[in-house]
>>> print(open('query_28.cif').read())   # mmCIF, C-alpha atoms, pLDDT in the B column; chains and numbers go by the auth columns
data_entry
loop_
_atom_site.group_PDB
_atom_site.id
_atom_site.type_symbol
_atom_site.label_atom_id
_atom_site.label_comp_id
_atom_site.label_asym_id
_atom_site.label_seq_id
_atom_site.Cartn_x
_atom_site.Cartn_y
_atom_site.Cartn_z
_atom_site.B_iso_or_equiv
_atom_site.auth_seq_id
_atom_site.auth_asym_id
ATOM 1 C CA VAL A 1 -255.729 15.380 170.845 88.00 24 B
ATOM 2 C CA LEU A 2 -252.850 17.799 170.229 90.00 25 B
ATOM 3 C CA TYR A 3 -251.857 20.476 172.759 87.00 26 B
ATOM 4 C CA LYS A 4 -249.386 23.330 172.415 87.00 27 B
ATOM 5 C CA GLY A 5 -247.732 24.919 175.417 81.00 28 B
ATOM 6 C CA SER A 6 -246.941 28.575 175.947 70.00 29 B
ATOM 7 C CA ASN A 7 -243.804 30.189 177.368 51.00 30 B
ATOM 8 C CA ASN A 8 -241.894 26.917 177.496 46.00 31 B
ATOM 9 C CA PRO A 9 -238.141 26.656 176.962 41.00 32 B
ATOM 10 C CA LEU A 10 -237.010 24.809 173.855 39.00 33 B
ATOM 11 C CA SER A 11 -234.317 22.169 173.696 36.00 34 B
ATOM 12 C CA SER A 12 -232.055 21.295 170.787 30.00 35 B
ATOM 13 C CA SER A 13 -233.884 18.043 170.080 34.00 36 B
ATOM 14 C CA PRO A 14 -237.333 16.512 170.703 34.00 37 B
ATOM 15 C CA THR A 15 -237.942 15.672 174.359 37.00 38 B
ATOM 16 C CA LEU A 16 -240.125 12.619 174.740 37.00 39 B
ATOM 17 C CA SER A 17 -242.045 11.345 177.719 39.00 40 B
ATOM 18 C CA PRO A 18 -240.164 9.261 180.302 38.00 41 B
ATOM 19 C CA SER A 19 -240.496 5.540 180.825 36.00 42 B
ATOM 20 C CA SER A 20 -240.197 3.360 183.900 35.00 43 B
ATOM 21 C CA ALA A 21 -239.234 -0.202 184.673 33.00 44 B
ATOM 22 C CA GLY A 22 -240.873 -2.136 181.907 35.00 45 B
ATOM 23 C CA ALA A 23 -244.009 0.035 181.790 37.00 46 B
ATOM 24 C CA PRO A 24 -244.977 2.449 179.011 36.00 47 B
ATOM 25 C CA THR A 25 -245.563 6.084 179.876 36.00 48 B
ATOM 26 C CA MET A 26 -249.332 6.297 180.228 36.00 49 B
ATOM 27 C CA ALA A 27 -251.909 7.968 182.406 36.00 50 B
ATOM 28 C CA PRO A 28 -255.682 8.256 182.509 34.00 51 B
ATOM 29 C CA PHE A 29 -256.981 11.711 181.704 34.00 52 B
ATOM 30 C CA ILE A 30 -256.346 14.225 184.500 32.00 53 B
ATOM 31 C CA SER A 31 -257.815 17.686 184.038 31.00 54 B
ATOM 32 C CA ASP A 32 -255.826 20.877 184.529 29.00 55 B
ATOM 33 C CA PRO A 33 -252.739 19.966 186.574 31.00 56 B
ATOM 34 C CA GLU A 34 -249.445 21.434 185.395 34.00 57 B
ATOM 35 C CA ILE A 35 -246.953 19.273 183.540 34.00 58 B
ATOM 36 C CA SER A 36 -245.696 16.670 185.946 35.00 59 B
ATOM 37 C CA THR A 37 -243.271 13.775 185.857 35.00 60 B
ATOM 38 C CA THR A 38 -244.311 12.428 189.223 34.00 61 B
ATOM 39 C CA THR A 39 -245.735 8.964 189.640 33.00 62 B
ATOM 40 C CA ALA A 40 -249.513 8.796 189.599 33.00 63 B
ATOM 41 C CA PRO A 41 -250.962 7.121 192.725 30.00 64 B
ATOM 42 C CA PHE A 42 -253.139 4.449 191.139 28.00 65 B
ATOM 43 C CA SER A 43 -253.573 2.154 194.136 27.00 66 B
ATOM 44 C CA THR A 44 -256.860 0.903 192.684 30.00 67 B
ATOM 45 C CA HIS A 45 -255.464 0.485 189.191 32.00 68 B
ATOM 46 C CA PRO A 46 -256.376 -2.909 187.682 34.00 69 B
ATOM 47 C CA THR A 47 -252.730 -3.969 187.626 38.00 70 B
ATOM 48 C CA GLY A 48 -251.638 -1.920 190.629 35.00 71 B
ATOM 49 C CA VAL A 49 -248.871 -0.442 188.463 33.00 72 B
ATOM 50 C CA PRO A 50 -248.316 3.340 188.649 36.00 73 B
ATOM 51 C CA PHE A 51 -247.150 5.183 185.530 40.00 74 B
ATOM 52 C CA PRO A 52 -245.042 8.335 185.219 40.00 75 B
ATOM 53 C CA VAL A 53 -247.198 11.167 183.921 41.00 76 B
ATOM 54 C CA PHE A 54 -246.982 14.077 181.530 48.00 77 B
ATOM 55 C CA VAL A 55 -250.365 15.811 181.704 53.00 78 B
ATOM 56 C CA PRO A 56 -251.508 19.043 180.031 58.00 79 B
ATOM 57 C CA GLY A 57 -251.968 21.920 182.462 60.00 80 B
ATOM 58 C CA PRO A 58 -253.356 25.460 182.154 61.00 81 B
ATOM 59 C CA SER A 59 -250.328 26.589 180.126 72.00 82 B
ATOM 60 C CA PHE A 60 -251.331 24.195 177.338 79.00 83 B
ATOM 61 C CA THR A 61 -254.024 24.835 174.733 86.00 84 B
ATOM 62 C CA ILE A 62 -255.764 22.242 172.571 89.00 85 B
ATOM 63 C CA ILE A 63 -255.039 22.991 168.908 92.00 86 B
ATOM 64 C CA ASP A 64 -256.536 19.870 167.316 94.00 87 B
ATOM 65 C CA ARG A 65 -258.980 17.067 168.123 94.00 88 B
ATOM 66 C CA ILE A 66 -258.957 14.094 165.754 96.00 89 B
ATOM 67 C CA ASN A 67 -261.566 11.347 165.651 95.00 90 B
ATOM 68 C CA VAL A 68 -259.441 8.340 164.749 96.00 91 B
ATOM 69 C CA GLY A 69 -261.148 5.878 162.423 95.00 92 B
ATOM 70 C CA GLY A 70 -264.426 7.787 162.344 94.00 93 B
ATOM 71 C CA MET A 71 -266.249 10.711 160.792 94.00 94 B
ATOM 72 C CA SER A 72 -266.153 14.243 162.172 94.00 95 B
ATOM 73 C CA ALA A 73 -268.194 14.353 165.384 91.00 96 B
ATOM 74 C CA PHE A 74 -268.984 16.264 168.570 91.00 97 B
ATOM 75 C CA ASP A 75 -268.391 14.804 172.031 88.00 98 B
ATOM 76 C CA LYS A 76 -270.785 15.241 174.983 87.00 99 B
ATOM 77 C CA ASP A 77 -269.072 18.525 175.891 86.00 100 B
ATOM 78 C CA SER A 78 -269.775 19.847 172.367 89.00 101 B
ATOM 79 C CA HIS A 79 -266.110 19.760 171.330 89.00 102 B
ATOM 80 C CA PHE A 80 -265.586 19.190 167.615 93.00 103 B
ATOM 81 C CA TRP A 81 -263.379 16.266 166.540 94.00 104 B
ATOM 82 C CA ARG A 82 -262.368 16.158 162.883 95.00 105 B
ATOM 83 C CA SER A 83 -262.074 12.909 160.969 96.00 106 B
ATOM 84 C CA ASP A 84 -258.588 11.496 160.553 96.00 107 B
ATOM 85 C CA THR A 85 -259.275 10.418 156.959 95.00 108 B
ATOM 86 C CA GLU A 86 -257.808 13.644 155.542 92.00 109 B
ATOM 87 C CA LEU A 87 -254.483 12.777 157.207 96.00 110 B
ATOM 88 C CA ASN A 88 -254.232 9.461 155.314 95.00 111 B
ATOM 89 C CA PRO A 89 -252.549 7.560 158.168 97.00 112 B
ATOM 90 C CA GLY A 90 -252.905 4.076 156.682 96.00 113 B
ATOM 91 C CA GLY A 91 -254.277 1.034 158.456 95.00 114 B
ATOM 92 C CA ALA A 92 -257.964 0.111 158.395 96.00 115 B
ATOM 93 C CA THR A 93 -261.064 1.242 160.302 97.00 116 B
ATOM 94 C CA VAL A 94 -263.743 -0.661 162.180 96.00 117 B
ATOM 95 C CA THR A 95 -266.661 -0.109 164.538 94.00 118 B
ATOM 96 C CA PRO A 96 -265.877 -2.673 167.278 94.00 119 B
ATOM 97 C CA SER A 97 -269.419 -2.790 168.707 94.00 120 B
ATOM 98 C CA LYS A 98 -270.681 -4.265 165.413 93.00 121 B
ATOM 99 C CA TYR A 99 -268.564 -7.380 165.922 94.00 122 B
ATOM 100 C CA THR A 100 -267.952 -7.790 169.648 93.00 123 B
ATOM 101 C CA THR A 101 -269.512 -6.783 172.951 93.00 124 B
ATOM 102 C CA VAL A 102 -268.061 -3.442 174.039 93.00 125 B
ATOM 103 C CA ASN A 103 -268.544 -2.208 177.594 92.00 126 B
ATOM 104 C CA PHE A 104 -265.741 0.208 178.398 91.00 127 B
ATOM 105 C CA ASP A 105 -264.734 0.562 182.042 88.00 128 B
ATOM 106 C CA PHE A 106 -264.446 4.271 182.891 83.00 129 B
ATOM 107 C CA SER A 107 -263.880 3.782 186.630 79.00 130 B
ATOM 108 C CA GLU A 108 -260.184 4.750 186.383 70.00 131 B
ATOM 109 C CA ALA A 109 -260.876 7.786 184.188 71.00 132 B
ATOM 110 C CA PRO A 110 -264.493 8.998 184.536 75.00 133 B
ATOM 111 C CA ASP A 111 -263.931 12.024 182.288 74.00 134 B
ATOM 112 C CA LEU A 112 -263.417 9.683 179.351 77.00 135 B
ATOM 113 C CA SER A 113 -267.099 8.718 179.494 80.00 136 B
ATOM 114 C CA GLN A 114 -267.714 12.067 177.759 83.00 137 B
ATOM 115 C CA LEU A 115 -265.941 10.599 174.730 86.00 138 B
ATOM 116 C CA ASP A 116 -268.111 7.533 174.198 82.00 139 B
ATOM 117 C CA SER A 117 -269.083 8.768 170.719 86.00 140 B
ATOM 118 C CA ILE A 118 -265.394 9.041 169.830 89.00 141 B
ATOM 119 C CA LEU A 119 -264.748 5.552 171.193 90.00 142 B
ATOM 120 C CA ASN A 120 -267.217 4.123 168.658 91.00 143 B
ATOM 121 C CA SER A 121 -264.554 4.001 165.945 94.00 144 B
ATOM 122 C CA GLU A 122 -261.127 2.394 165.782 95.00 145 B
ATOM 123 C CA ARG A 123 -258.215 2.484 163.364 97.00 146 B
ATOM 124 C CA TYR A 124 -255.882 -0.498 163.465 96.00 147 B
ATOM 125 C CA GLY A 125 -252.699 -1.587 161.715 95.00 148 B
ATOM 126 C CA ALA A 126 -249.362 0.139 161.212 93.00 149 B
ATOM 127 C CA MET A 127 -250.162 3.831 160.828 96.00 150 B
ATOM 128 C CA THR A 128 -248.346 7.130 160.473 97.00 151 B
ATOM 129 C CA TYR A 129 -249.808 10.576 161.102 97.00 152 B
ATOM 130 C CA GLU A 130 -248.317 13.911 160.078 96.00 153 B
ATOM 131 C CA LEU A 131 -249.940 16.202 162.637 96.00 154 B
ATOM 132 C CA PRO A 132 -250.008 19.869 161.516 95.00 155 B
ATOM 133 C CA ILE A 133 -248.479 22.232 164.081 92.00 156 B
ATOM 134 C CA PHE A 134 -248.063 25.987 164.465 87.00 157 B
ATOM 135 C CA GLY A 135 -244.378 26.752 164.802 87.00 158 B
ATOM 136 C CA ASN A 136 -241.738 25.813 167.329 87.00 159 B
ATOM 137 C CA GLY A 137 -242.793 24.998 170.867 84.00 160 B
ATOM 138 C CA VAL A 138 -243.653 22.284 173.330 83.00 161 B
ATOM 139 C CA TYR A 139 -246.456 19.958 172.315 85.00 162 B
ATOM 140 C CA ILE A 140 -248.344 17.128 173.973 84.00 163 B
ATOM 141 C CA ILE A 141 -249.726 14.377 171.774 87.00 164 B
ATOM 142 C CA GLN A 142 -252.578 12.671 173.614 86.00 165 B
ATOM 143 C CA LEU A 143 -253.549 9.277 172.183 88.00 166 B
ATOM 144 C CA LEU A 144 -256.853 7.642 173.100 88.00 167 B
ATOM 145 C CA VAL A 145 -256.354 3.885 173.351 89.00 168 B
ATOM 146 C CA ALA A 146 -258.243 0.829 174.556 90.00 169 B
ATOM 147 C CA GLU A 147 -258.247 -2.911 173.956 93.00 170 B
ATOM 148 C CA ALA A 148 -261.760 -3.841 172.839 94.00 171 B
ATOM 149 C CA TRP A 149 -261.038 -7.266 171.361 96.00 172 B
ATOM 150 C CA HIS A 150 -258.396 -9.354 173.140 95.00 173 B
ATOM 151 C CA HIS A 151 -258.665 -10.533 176.752 93.00 174 B
ATOM 152 C CA ASP A 152 -255.157 -11.919 177.188 94.00 175 B
ATOM 153 C CA PRO A 153 -251.839 -10.068 177.648 92.00 176 B
ATOM 154 C CA GLY A 154 -249.376 -10.297 174.787 93.00 177 B
ATOM 155 C CA GLU A 155 -251.917 -10.453 171.968 95.00 178 B
ATOM 156 C CA ARG A 156 -251.586 -6.791 170.931 94.00 179 B
ATOM 157 C CA VAL A 157 -248.245 -5.109 171.632 93.00 180 B
ATOM 158 C CA PHE A 158 -247.012 -1.995 169.836 92.00 181 B
ATOM 159 C CA HIS A 159 -244.483 0.825 169.900 90.00 182 B
ATOM 160 C CA ILE A 160 -245.000 4.559 169.354 89.00 183 B
ATOM 161 C CA ASN A 161 -242.480 6.685 167.442 89.00 184 B
ATOM 162 C CA VAL A 162 -242.436 10.490 167.343 88.00 185 B
ATOM 163 C CA GLN A 163 -240.274 12.398 164.845 88.00 186 B
ATOM 164 C CA GLY A 164 -238.602 9.102 163.991 86.00 187 B
ATOM 165 C CA ALA A 165 -237.554 8.392 167.593 84.00 188 B
ATOM 166 C CA ARG A 166 -238.981 5.717 169.873 83.00 189 B
ATOM 167 C CA ALA A 167 -241.256 7.478 172.381 81.00 190 B
ATOM 168 C CA VAL A 168 -243.055 4.536 174.011 82.00 191 B
ATOM 169 C CA THR A 169 -241.997 0.894 173.874 82.00 192 B
ATOM 170 C CA GLY A 170 -244.113 -2.209 174.321 86.00 193 B
ATOM 171 C CA VAL A 171 -247.654 -0.958 174.876 87.00 194 B
ATOM 172 C CA ASP A 172 -249.696 -4.004 175.961 89.00 195 B
ATOM 173 C CA LEU A 173 -252.962 -2.531 177.183 88.00 196 B
ATOM 174 C CA VAL A 174 -254.412 -5.710 178.697 90.00 197 B
ATOM 175 C CA SER A 175 -251.226 -6.285 180.678 86.00 198 B
ATOM 176 C CA ASN A 176 -250.788 -2.620 181.587 81.00 199 B
ATOM 177 C CA ILE A 177 -254.323 -1.497 182.449 82.00 200 B
ATOM 178 C CA GLY A 178 -256.849 -4.198 181.632 87.00 201 B
ATOM 179 C CA PHE A 179 -259.432 -5.263 179.044 93.00 202 B
ATOM 180 C CA GLN A 180 -261.705 -2.523 177.651 92.00 203 B
ATOM 181 C CA VAL A 181 -260.216 0.165 179.908 88.00 204 B
ATOM 182 C CA PRO A 182 -259.753 3.347 177.829 86.00 205 B
ATOM 183 C CA LEU A 183 -257.072 5.868 178.677 80.00 206 B
ATOM 184 C CA PHE A 184 -254.838 8.524 177.174 78.00 207 B
ATOM 185 C CA ILE A 185 -251.170 8.016 176.409 81.00 208 B
ATOM 186 C CA ASN A 186 -249.501 11.433 176.701 79.00 209 B
ATOM 187 C CA ILE A 187 -246.260 12.162 174.836 81.00 210 B
ATOM 188 C CA LEU A 188 -244.351 15.398 175.369 79.00 211 B
ATOM 189 C CA CYS A 189 -242.393 16.680 172.364 82.00 212 B
ATOM 190 C CA THR A 190 -240.322 19.840 171.905 81.00 213 B
ATOM 191 C CA ILE A 191 -240.010 21.195 168.360 85.00 214 B
ATOM 192 C CA ASP A 192 -237.359 23.802 167.525 82.00 215 B
ATOM 193 C CA ASP A 193 -236.498 23.175 163.860 84.00 216 B
ATOM 194 C CA ASN A 194 -239.426 25.065 162.293 88.00 217 B
ATOM 195 C CA SER A 195 -241.216 21.825 161.379 88.00 218 B
ATOM 196 C CA THR A 196 -244.752 22.239 160.083 92.00 219 B
ATOM 197 C CA SER A 197 -245.871 18.860 161.413 93.00 220 B
ATOM 198 C CA ILE A 198 -245.091 16.208 163.997 92.00 221 B
ATOM 199 C CA SER A 199 -244.638 12.680 162.709 93.00 222 B
ATOM 200 C CA LEU A 200 -246.427 10.057 164.815 95.00 223 B
ATOM 201 C CA ALA A 201 -246.137 6.355 163.971 95.00 224 B
ATOM 202 C CA LEU A 202 -247.641 3.293 165.652 96.00 225 B
ATOM 203 C CA VAL A 203 -245.947 0.014 164.762 95.00 226 B
ATOM 204 C CA PRO A 204 -246.489 -3.589 165.924 95.00 227 B
ATOM 205 C CA ALA A 205 -243.856 -4.971 168.289 92.00 228 B
ATOM 206 C CA SER A 206 -243.420 -7.981 166.003 91.00 229 B
ATOM 207 C CA ASN A 207 -245.177 -9.848 163.205 88.00 230 B
ATOM 208 C CA LEU A 208 -246.449 -12.348 165.782 88.00 231 B
ATOM 209 C CA VAL A 209 -248.860 -9.952 167.537 91.00 232 B
ATOM 210 C CA GLU A 210 -251.953 -7.988 166.580 93.00 233 B
ATOM 211 C CA PRO A 211 -251.219 -4.553 165.104 93.00 234 B
ATOM 212 C CA PRO A 212 -251.754 -1.251 166.983 95.00 235 B
ATOM 213 C CA ALA A 213 -255.262 0.068 167.588 95.00 236 B
ATOM 214 C CA LEU A 214 -256.151 3.725 168.170 95.00 237 B
ATOM 215 C CA TYR A 215 -259.389 5.605 168.913 93.00 238 B
#
>>> encode(input="query_28.cif", output="structure tokens")
Amino acid sequence: VLYKGSNNPLSSSPTLSPSSAGAPTMAPFISDPEISTTTAPFSTHPTGVPFPVFVPGPSFTIIDRINVGGMSAFDKDSHFWRSDTELNPGGATVTPSKYTTVNFDFSEAPDLSQLDSILNSERYGAMTYELPIFGNGVYIIQLLVAEAWHHDPGERVFHINVQGARAVTGVDLVSNIGFQVPLFINILCTIDDNSTSISLALVPASNLVEPPALY
């Protein structure tokens, strides 16, 4: 999901989401609060680890919904998600439920249960998206992620780059939030160079781990 903010100051270079002691910047979906960098109080989180948060508030508007790895579809709230195939991101696609038992845990982020049709498809491998944007401004890239396959930490670890800069390092979903627990990773980016797109790349942390997976 791609958001654009209104009436936000611009900086001279992209401003990416913060990180904290060894943990990637992630947060389950939270509806309608303003942008915040406070620590989310996840006392019941599977790992007990709180994450700093950038969340889209009322000053942000959704400008694109992309169904990663799948065909164009509507979610339970009748929002249209276009297929990512026209963006040619690379990697490969799969429907996890055809090959493994999938039972996503929505207890940490109940709103994500509205996206179960979107969670049917996955794209995996090194991938790069050029996300069309509408002029300079502050954007939030919201990535839907989950680990549907691997139960053990360290099996799938990846980095996220935005505009060629490292935005999030060392995403290990099983270690960070648990097996088959979907959530959004939110990345804040300021564009002021009249770019027509934002470059988003997911890359494996090494050649010894499984490649990135995105929904």
>>> resolve_selection(input="query_28.cif", expression="the PyMOL selection byres ((chain B and resi 222) around 6)", output="ChimeraX atom specification")
/B:152-153,185-186,221,223
>>> atom_distance(input="query_28.cif", atom1="atom CA of B:Ser198", atom2="atom CA of B:Val232")
13.8 Å
>>> residues_around(input="query_28.cif", residues="B:Ser29", least_positions_apart="3", cutoff="8 Å", atoms="all atoms listed in the file", output="JSON, numbers by chain")
{"B": [82, 83, 160, 161]}
>>> closest_residue(input="query_28.cif", among="B:His173, B:Arg189, B:Lys27, B:His182", to="B:Thr124", atoms="all atoms listed in the file")
B:His173
>>> axis_aligned_box(input="query_28.cif", around="stretch 194-213 of chain B", padding_each_side="4 Å", output="JSON")
{"center_x": -251.0, "center_y": 6.8, "center_z": 177.2, "size_x": 29.4, "size_y": 34.1, "size_z": 18.5}
>>> atom_distance(input="query_28.cif", atom1="atom CA of B:Asp98", atom2="atom CA of B:Pro155")
21.8 Å
>>> closest_residue(input="query_28.cif", among="B:Asn126, B:Asn143, B:Gln165, B:Ser229", to="B:Phe202", atoms="all atoms listed in the file")
B:Asn126
>>> resolve_selection(input="query_28.cif", expression="the PyMOL selection byres ((chain B and resi 110) around 8)", output="list in words")
Asp107, Thr108, Glu109, Asn111, Pro112, Tyr152, Glu153 and Leu154 of chain B
>>> closest_residue(input="query_28.cif", among="B:Tyr122, B:Phe129, B:Tyr26, B:Tyr162", to="B:Thr84", atoms="all atoms listed in the file")
B:Tyr26
>>> residues_around(input="query_28.cif", residues="B:His102", least_positions_apart="6", cutoff="10 Å", atoms="all atoms listed in the file", output="list of chain:residue names")
B:Arg88, B:Ala96, B:Leu138
>>> residues_near_point(input="query_28.cif", point="(-262.8, 4.4, 178.7)", cutoff="12 Å", atoms="only C-alpha atoms", output="NGL selection string")
:B and (51-52 or 125-143 or 167-171 or 200-207 or 238)
>>> resolve_selection(input="query_28.cif", expression="the PyMOL selection byres ((chain B and resi 117) around 8)", output="list in words")
Gly92, Ala115, Thr116, Thr118, Pro119, Ser144, Glu145, Arg146 and Tyr147 of chain B
>>> write_last_selection(input="query_28.cif", atoms="C-alpha atoms", output="PDB file, in the coordinates of the input")
ATOM      1  CA  GLY B  92    -261.148   5.878 162.423  1.00 95.00           C
ATOM      2  CA  ALA B 115    -257.964   0.111 158.395  1.00 96.00           C
ATOM      3  CA  THR B 116    -261.064   1.242 160.302  1.00 97.00           C
ATOM      4  CA  THR B 118    -266.661  -0.109 164.538  1.00 94.00           C
ATOM      5  CA  PRO B 119    -265.877  -2.673 167.278  1.00 94.00           C
ATOM      6  CA  SER B 144    -264.554   4.001 165.945  1.00 94.00           C
ATOM      7  CA  GLU B 145    -261.127   2.394 165.782  1.00 95.00           C
ATOM      8  CA  ARG B 146    -258.215   2.484 163.364  1.00 97.00           C
ATOM      9  CA  TYR B 147    -255.882  -0.498 163.465  1.00 96.00           C
TER      10      TYR B 147
END
>>> atom_distance(input="query_28.cif", atom1="atom CA of B:Arg179", atom2="atom CA of B:Gly193")
9.4 Å
>>> closest_residue(input="query_28.cif", among="B:Ile89, B:Ile183, B:Trp172, B:Val197", to="B:Ser120", atoms="all atoms listed in the file")
B:Trp172
>>> closest_residue(input="query_28.cif", among="B:Asn159, B:Asn90, B:Thr151, B:Thr123", to="B:Thr213", atoms="only C-alpha atoms")
B:Asn159
>>> closest_residue(input="query_28.cif", among="B:Leu237, B:Val226, B:Leu166, B:Ala149", to="B:Ile210", atoms="all atoms listed in the file")
B:Leu166
>>> build_atoms(input="query_28.cif", residues="stretch 157-169 of chain B", atoms="N, CA and C atoms", output="CSV table (one decimal), in the coordinates of the input")
chain,number,residue,atom,x,y,z
B,157,PHE,N,-248.2,24.5,164.7
B,157,PHE,CA,-248.1,26.0,164.5
B,157,PHE,C,-246.8,26.5,165.1
B,158,GLY,N,-245.7,26.2,164.4
B,158,GLY,CA,-244.4,26.8,164.8
B,158,GLY,C,-243.7,26.0,165.9
B,159,ASN,N,-242.5,26.4,166.3
B,159,ASN,CA,-241.7,25.8,167.3
B,159,ASN,C,-242.5,25.9,168.7
B,160,GLY,N,-242.2,25.0,169.5
B,160,GLY,CA,-242.8,25.0,170.9
B,160,GLY,C,-242.8,23.6,171.5
B,161,VAL,N,-243.5,23.5,172.6
B,161,VAL,CA,-243.7,22.3,173.3
B,161,VAL,C,-245.1,21.8,173.1
B,162,TYR,N,-245.2,20.6,172.7
B,162,TYR,CA,-246.5,20.0,172.3
B,162,TYR,C,-246.7,18.7,173.1
B,163,ILE,N,-248.0,18.4,173.4
B,163,ILE,CA,-248.3,17.1,174.0
B,163,ILE,C,-249.3,16.4,173.0
B,164,ILE,N,-248.9,15.2,172.6
B,164,ILE,CA,-249.7,14.4,171.8
B,164,ILE,C,-250.5,13.4,172.7
B,165,GLN,N,-251.8,13.5,172.7
B,165,GLN,CA,-252.6,12.7,173.6
B,165,GLN,C,-253.4,11.6,172.8
B,166,LEU,N,-253.0,10.4,173.0
B,166,LEU,CA,-253.5,9.3,172.2
B,166,LEU,C,-254.6,8.5,173.0
B,167,LEU,N,-255.8,8.4,172.4
B,167,LEU,CA,-256.9,7.6,173.1
B,167,LEU,C,-256.8,6.2,172.7
B,168,VAL,N,-256.6,5.3,173.6
B,168,VAL,CA,-256.4,3.9,173.4
B,168,VAL,C,-257.2,3.0,174.3
B,169,ALA,N,-257.5,1.8,173.8
B,169,ALA,CA,-258.2,0.8,174.6
B,169,ALA,C,-258.1,-0.5,173.8
